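> For reference, the file structure28.pdb (PDB, N, CA and C atoms) is included below:
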ATOM      1  N   MET Q   1       3.713  -9.026   9.476
ATOM      2  CA  MET Q   1       4.265  -9.442   8.206
ATOM      3  C   MET Q   1       3.995 -10.920   7.927
ATOM      4  N   ILE Q   2       3.518 -11.647   8.881
ATOM      5  CA  ILE Q   2       3.300 -13.080   8.684
ATOM      6  C   ILE Q   2       2.295 -13.341   7.571
ATOM      7  N   GLN Q   3       1.222 -12.559   7.505
ATOM      8  CA  GLN Q   3       0.196 -12.782   6.506
ATOM      9  C   GLN Q   3       0.445 -11.999   5.218
ATOM     10  N   ALA Q   4       1.544 -11.312   5.137
ATOM     11  CA  ALA Q   4       1.829 -10.494   3.961
ATOM     12  C   ALA Q   4       1.997 -11.367   2.729
ATOM     13  N   GLY Q   5       1.511 -10.851   1.619
ATOM     14  CA  GLY Q   5       1.691 -11.537   0.356
ATOM     15  C   GLY Q   5       3.086 -11.296  -0.179
ATOM     16  N   ARG Q   6       3.404 -12.020  -1.232
ATOM     17  CA  ARG Q   6       4.722 -11.889  -1.837
ATOM     18  C   ARG Q   6       4.991 -10.453  -2.267
ATOM     19  N   ASP Q   7       3.979  -9.806  -2.861
ATOM     20  CA  ASP Q   7       4.183  -8.432  -3.331
ATOM     21  C   ASP Q   7       4.437  -7.474  -2.176
ATOM     22  N   THR Q   8       3.704  -7.641  -1.091
ATOM     23  CA  THR Q   8       3.884  -6.772   0.071
ATOM     24  C   THR Q   8       5.262  -6.964   0.688
ATOM     25  N   LEU Q   9       5.684  -8.202   0.783
ATOM     26  CA  LEU Q   9       6.998  -8.478   1.355
ATOM     27  C   LEU Q   9       8.109  -7.951   0.443
ATOM     28  N   ALA Q  10       7.933  -8.069  -0.860
ATOM     29  CA  ALA Q  10       8.926  -7.537  -1.790
ATOM     30  C   ALA Q  10       9.044  -6.026  -1.615
ATOM     31  N   ALA Q  11       7.911  -5.343  -1.499
ATOM     32  CA  ALA Q  11       7.940  -3.890  -1.301
ATOM     33  C   ALA Q  11       8.609  -3.550   0.023
ATOM     34  N   TYR Q  12       8.324  -4.329   1.055
ATOM     35  CA  TYR Q  12       8.965  -4.103   2.350
ATOM     36  C   TYR Q  12      10.485  -4.266   2.241
ATOM     37  N   PHE Q  13      10.913  -5.344   1.597
ATOM     38  CA  PHE Q  13      12.355  -5.559   1.440
ATOM     39  C   PHE Q  13      13.019  -4.344   0.799
ATOM     40  N   LEU Q  14      12.358  -3.746  -0.167
ATOM     41  CA  LEU Q  14      12.951  -2.614  -0.873
ATOM     42  C   LEU Q  14      13.095  -1.380   0.011
ATOM     43  N   THR Q  15      12.466  -1.371   1.166
ATOM     44  CA  THR Q  15      12.647  -0.255   2.097
ATOM     45  C   THR Q  15      13.896  -0.436   2.956
ATOM     46  N   GLN Q  16      14.495  -1.609   2.870
ATOM     47  CA  GLN Q  16      15.655  -1.913   3.700
ATOM     48  C   GLN Q  16      16.945  -1.466   3.003
ATOM     49  N   PRO Q  17      17.917  -1.002   3.773
ATOM     50  CA  PRO Q  17      19.145  -0.474   3.166
ATOM     51  C   PRO Q  17      19.965  -1.517   2.400
ATOM     52  N   TYR Q  18      19.812  -2.775   2.729
ATOM     53  CA  TYR Q  18      20.604  -3.827   2.088
ATOM     54  C   TYR Q  18      19.997  -4.331   0.784
ATOM     55  N   ALA Q  19      18.763  -3.939   0.484
ATOM     56  CA  ALA Q  19      18.048  -4.545  -0.638
ATOM     57  C   ALA Q  19      17.838  -3.557  -1.778
ATOM     58  N   ASP Q  20      17.931  -4.094  -2.969
ATOM     59  CA  ASP Q  20      17.517  -3.360  -4.160
ATOM     60  C   ASP Q  20      16.695  -4.333  -5.007
ATOM     61  N   VAL Q  21      16.238  -3.882  -6.158
ATOM     62  CA  VAL Q  21      15.370  -4.723  -6.983
ATOM     63  C   VAL Q  21      16.071  -6.029  -7.354
ATOM     64  N   ASN Q  22      17.353  -5.960  -7.647
ATOM     65  CA  ASN Q  22      18.078  -7.187  -8.012
ATOM     66  C   ASN Q  22      18.196  -8.153  -6.842
ATOM     67  N   TRP Q  23      18.395  -7.617  -5.630
ATOM     68  CA  TRP Q  23      18.478  -8.479  -4.446
ATOM     69  C   TRP Q  23      17.151  -9.190  -4.216
ATOM     70  N   VAL Q  24      16.059  -8.424  -4.298
ATOM     71  CA  VAL Q  24      14.728  -9.011  -4.070
ATOM     72  C   VAL Q  24      14.420 -10.036  -5.162
ATOM     73  N   ALA Q  25      14.754  -9.724  -6.396
ATOM     74  CA  ALA Q  25      14.525 -10.672  -7.489
ATOM     75  C   ALA Q  25      15.285 -11.971  -7.243
ATOM     76  N   SER Q  26      16.514 -11.855  -6.776
ATOM     77  CA  SER Q  26      17.311 -13.037  -6.471
ATOM     78  C   SER Q  26      16.688 -13.825  -5.324
ATOM     79  N   PHE Q  27      16.214 -13.114  -4.299
ATOM     80  CA  PHE Q  27      15.586 -13.757  -3.142
ATOM     81  C   PHE Q  27      14.393 -14.613  -3.576
ATOM     82  N   TYR Q  28      13.573 -14.079  -4.482
ATOM     83  CA  TYR Q  28      12.381 -14.788  -4.943
ATOM     84  C   TYR Q  28      12.637 -15.697  -6.136
ATOM     85  N   GLY Q  29      13.804 -15.587  -6.748
ATOM     86  CA  GLY Q  29      14.060 -16.376  -7.950
ATOM     87  C   GLY Q  29      13.259 -15.868  -9.131
ATOM     88  N   LYS Q  30      13.018 -14.560  -9.162
ATOM     89  CA  LYS Q  30      12.240 -13.918 -10.231
ATOM     90  C   LYS Q  30      13.112 -12.909 -10.948
ATOM     91  N   LYS Q  31      12.615 -12.406 -12.055
ATOM     92  CA  LYS Q  31      13.320 -11.342 -12.778
ATOM     93  C   LYS Q  31      12.981  -9.992 -12.143
ATOM     94  N   PRO Q  32      13.885  -9.024 -12.224
ATOM     95  CA  PRO Q  32      13.621  -7.702 -11.643
ATOM     96  C   PRO Q  32      12.312  -7.068 -12.130
ATOM     97  N   ALA Q  33      11.938  -7.304 -13.371
ATOM     98  CA  ALA Q  33      10.685  -6.736 -13.887
ATOM     99  C   ALA Q  33       9.475  -7.264 -13.110
ATOM    100  N   LYS Q  34       9.523  -8.521 -12.701
ATOM    101  CA  LYS Q  34       8.428  -9.104 -11.916
ATOM    102  C   LYS Q  34       8.359  -8.436 -10.544
ATOM    103  N   VAL Q  35       9.499  -8.188  -9.931
ATOM    104  CA  VAL Q  35       9.540  -7.506  -8.636
ATOM    105  C   VAL Q  35       8.968  -6.100  -8.775
ATOM    106  N   GLU Q  36       9.314  -5.427  -9.856
ATOM    107  CA  GLU Q  36       8.767  -4.084 -10.085
ATOM    108  C   GLU Q  36       7.251  -4.124 -10.232
ATOM    109  N   ARG Q  37       6.712  -5.190 -10.844
ATOM    110  CA  ARG Q  37       5.245  -5.331 -10.936
ATOM    111  C   ARG Q  37       4.640  -5.575  -9.555
ATOM    112  N   TYR Q  38       5.323  -6.379  -8.729
ATOM    113  CA  TYR Q  38       4.859  -6.594  -7.352
ATOM    114  C   TYR Q  38       4.741  -5.252  -6.623
ATOM    115  N   VAL Q  39       5.790  -4.460  -6.718
ATOM    116  CA  VAL Q  39       5.825  -3.184  -6.009
ATOM    117  C   VAL Q  39       4.762  -2.231  -6.561
ATOM    118  N   ALA Q  40       4.566  -2.242  -7.857
ATOM    119  CA  ALA Q  40       3.525  -1.393  -8.456
ATOM    120  C   ALA Q  40       2.149  -1.789  -7.935
ATOM    121  N   ALA Q  41       1.914  -3.078  -7.758
ATOM    122  CA  ALA Q  41       0.626  -3.544  -7.228
ATOM    123  C   ALA Q  41       0.418  -3.048  -5.795
ATOM    124  N   VAL Q  42       1.472  -3.085  -4.999
ATOM    125  CA  VAL Q  42       1.383  -2.607  -3.617
ATOM    126  C   VAL Q  42       1.098  -1.104  -3.603
ATOM    127  N   ARG Q  43       1.779  -0.358  -4.447
ATOM    128  CA  ARG Q  43       1.558   1.093  -4.511
ATOM    129  C   ARG Q  43       0.123   1.406  -4.928
ATOM    130  N   THR Q  44      -0.403   0.655  -5.884
ATOM    131  CA  THR Q  44      -1.782   0.864  -6.328
ATOM    132  C   THR Q  44      -2.762   0.585  -5.196
ATOM    133  N   ARG Q  45      -2.553  -0.535  -4.483
ATOM    134  CA  ARG Q  45      -3.432  -0.852  -3.353
ATOM    135  C   ARG Q  45      -3.348   0.216  -2.277
ATOM    136  N   ALA Q  46      -2.146   0.699  -1.994
ATOM    137  CA  ALA Q  46      -1.978   1.734  -0.971
ATOM    138  C   ALA Q  46      -2.717   2.996  -1.369
ATOM    139  N   GLU Q  47      -2.650   3.361  -2.636
ATOM    140  CA  GLU Q  47      -3.356   4.557  -3.097
ATOM    141  C   GLU Q  47      -4.862   4.380  -2.957
ATOM    142  N   GLU Q  48      -5.361   3.183  -3.298
ATOM    143  CA  GLU Q  48      -6.799   2.913  -3.155
ATOM    144  C   GLU Q  48      -7.219   2.993  -1.691
ATOM    145  N   ILE Q  49      -6.391   2.485  -0.803
ATOM    146  CA  ILE Q  49      -6.706   2.537   0.625
ATOM    147  C   ILE Q  49      -6.725   3.978   1.112
ATOM    148  N   ARG Q  50      -5.711   4.762   0.717
ATOM    149  CA  ARG Q  50      -5.673   6.170   1.123
ATOM    150  C   ARG Q  50      -6.891   6.926   0.595
ATOM    151  N   ASP Q  51      -7.279   6.650  -0.646
ATOM    152  CA  ASP Q  51      -8.455   7.304  -1.216
ATOM    153  C   ASP Q  51      -9.718   6.918  -0.443
ATOM    154  N   GLY Q  52      -9.814   5.654  -0.072
ATOM    155  CA  GLY Q  52     -10.968   5.191   0.690
ATOM    156  C   GLY Q  52     -11.040   5.835   2.058
ATOM    157  N   VAL Q  53      -9.907   5.992   2.706
ATOM    158  CA  VAL Q  53      -9.865   6.642   4.021
ATOM    159  C   VAL Q  53     -10.257   8.108   3.888
ATOM    160  N   ALA Q  54      -9.771   8.763   2.844
ATOM    161  CA  ALA Q  54     -10.128  10.168   2.627
ATOM    162  C   ALA Q  54     -11.628  10.304   2.397
ATOM    163  N   ASP Q  55     -12.209   9.377   1.641
ATOM    164  CA  ASP Q  55     -13.649   9.408   1.397
ATOM    165  C   ASP Q  55     -14.421   9.220   2.699
ATOM    166  N   LEU Q  56     -13.971   8.289   3.535
ATOM    167  CA  LEU Q  56     -14.635   8.069   4.826
ATOM    168  C   LEU Q  56     -14.526   9.310   5.701
ATOM    169  N   SER Q  57     -13.378   9.937   5.680
ATOM    170  CA  SER Q  57     -13.174  11.145   6.473
ATOM    171  C   SER Q  57     -14.112  12.251   6.011
ATOM    172  N   ASP Q  58     -14.259  12.390   4.705
ATOM    173  CA  ASP Q  58     -15.187  13.393   4.157
ATOM    174  C   ASP Q  58     -16.620  13.104   4.581
ATOM    175  N   GLU Q  59     -17.013  11.830   4.528
ATOM    176  CA  GLU Q  59     -18.367  11.447   4.926
ATOM    177  C   GLU Q  59     -18.604  11.747   6.404
ATOM    178  N   GLU Q  60     -17.629  11.422   7.240
ATOM    179  CA  GLU Q  60     -17.765  11.689   8.673
ATOM    180  C   GLU Q  60     -17.865  13.179   8.935
ATOM    181  N   SER Q  61     -17.120  13.956   8.196
ATOM    182  CA  SER Q  61     -17.160  15.407   8.350
ATOM    183  C   SER Q  61     -18.542  15.944   8.006
ATOM    184  N   HIS Q  62     -19.111  15.447   6.910
ATOM    185  CA  HIS Q  62     -20.443  15.896   6.507
ATOM    186  C   HIS Q  62     -21.504  15.455   7.524
ATOM    187  N   LEU Q  63     -21.365  14.249   8.046
ATOM    188  CA  LEU Q  63     -22.311  13.770   9.049
ATOM    189  C   LEU Q  63     -22.217  14.616  10.315
ATOM    190  N   SER Q  64     -21.004  14.927  10.717
ATOM    191  CA  SER Q  64     -20.803  15.742  11.911
ATOM    192  C   SER Q  64     -21.416  17.126  11.734
ATOM    193  N   GLU Q  65     -21.243  17.713  10.563
ATOM    194  CA  GLU Q  65     -21.828  19.034  10.283
ATOM    195  C   GLU Q  65     -23.342  18.969  10.339
ATOM    196  N   ALA Q  66     -23.938  17.897   9.815
ATOM    197  CA  ALA Q  66     -25.383  17.741   9.827
ATOM    198  C   ALA Q  66     -25.902  17.604  11.255
ATOM    199  N   GLU Q  67     -25.180  16.852  12.087
ATOM    200  CA  GLU Q  67     -25.582  16.677  13.474
ATOM    201  C   GLU Q  67     -25.515  18.005  14.228
ATOM    202  N   GLN Q  68     -24.479  18.787  13.962
ATOM    203  CA  GLN Q  68     -24.330  20.069  14.638
ATOM    204  C   GLN Q  68     -25.434  21.044  14.222
ATOM    205  N   SER Q  69     -25.855  20.972  12.998
ATOM    206  CA  SER Q  69     -26.890  21.912  12.537
ATOM    207  C   SER Q  69     -28.248  21.576  13.132
ATOM    208  N   ARG Q  70     -28.439  20.346  13.587
ATOM    209  CA  ARG Q  70     -29.710  19.938  14.222
ATOM    210  C   ARG Q  70     -29.830  20.461  15.636
ATOM    211  N   THR Q  71     -28.693  20.728  16.268
ATOM    212  CA  THR Q  71     -28.751  21.127  17.693
ATOM    213  C   THR Q  71     -28.761  22.621  17.848
TER     214      THR Q  71
END
Output the file's structure in the form of structure tokens.


Amino acid sequence: MIQAGRDTLAAYFLTQPYADVNWVASFYGKKPAKVERYVAAVRTRAEEIRDGVADLSDEESHLSEAEQSRT
């Protein structure tokens, strides 16, 4: 978490039982709408990462099938 950006840390805080959007907004001195934008950015990045991993997995699967068909 040391290298985490503000948006990542805000999203992390929201996973904690003591925190809600208003608590995180107060912590950062921002409005709740800004915190919601931070969290939306994290969710978007996470989705892009998951999609990228799925694409890599598909590519590896196709490569493995090609290697097996050669033998």

> May I ask for the distance between atom N of Q:Asp7 and atom CA of Q:Val39, given in Å to one decimal place?

7.6 Å

> Distance atom CA of Q:Gly29-atom CA of Q:Glu47, one decimal place?

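Between atom CA of Q:Gly29 and atom CA of Q:Glu47 the gap works out to 27.7 Å.
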
> Have a look at atom C of Q:Pro32 and atom C of Q:Arg45 and let me know their distance in Å, one decimal.

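These two atoms are separated by 19.9 Å.
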
> When DSSP is applied to the backbone of this structure, which of stretch 2-63 of chain Q are assigned helix (DSSP H, G or I)? Write them out as a VMD selection string.

chain Q and resid 6 to 13 21 to 28 32 to 63

> Counting all atoms listed in the file, figure out which residue out of Q:Ala46, Q:Val21, Q:Ala4, Q:Leu56 gets nearest to Q:Ala33.

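With all atoms listed in the file as the atom set, the closest residue is Q:Val21.
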
> Evaluate the PyMOL selection byres (((chain Q and resi 24 and name CA) around 12) and name CA) on the structure here and hand back the selected residues as a ChimeraX atom specification.

/Q:6-16,18-23,25-36,38-39
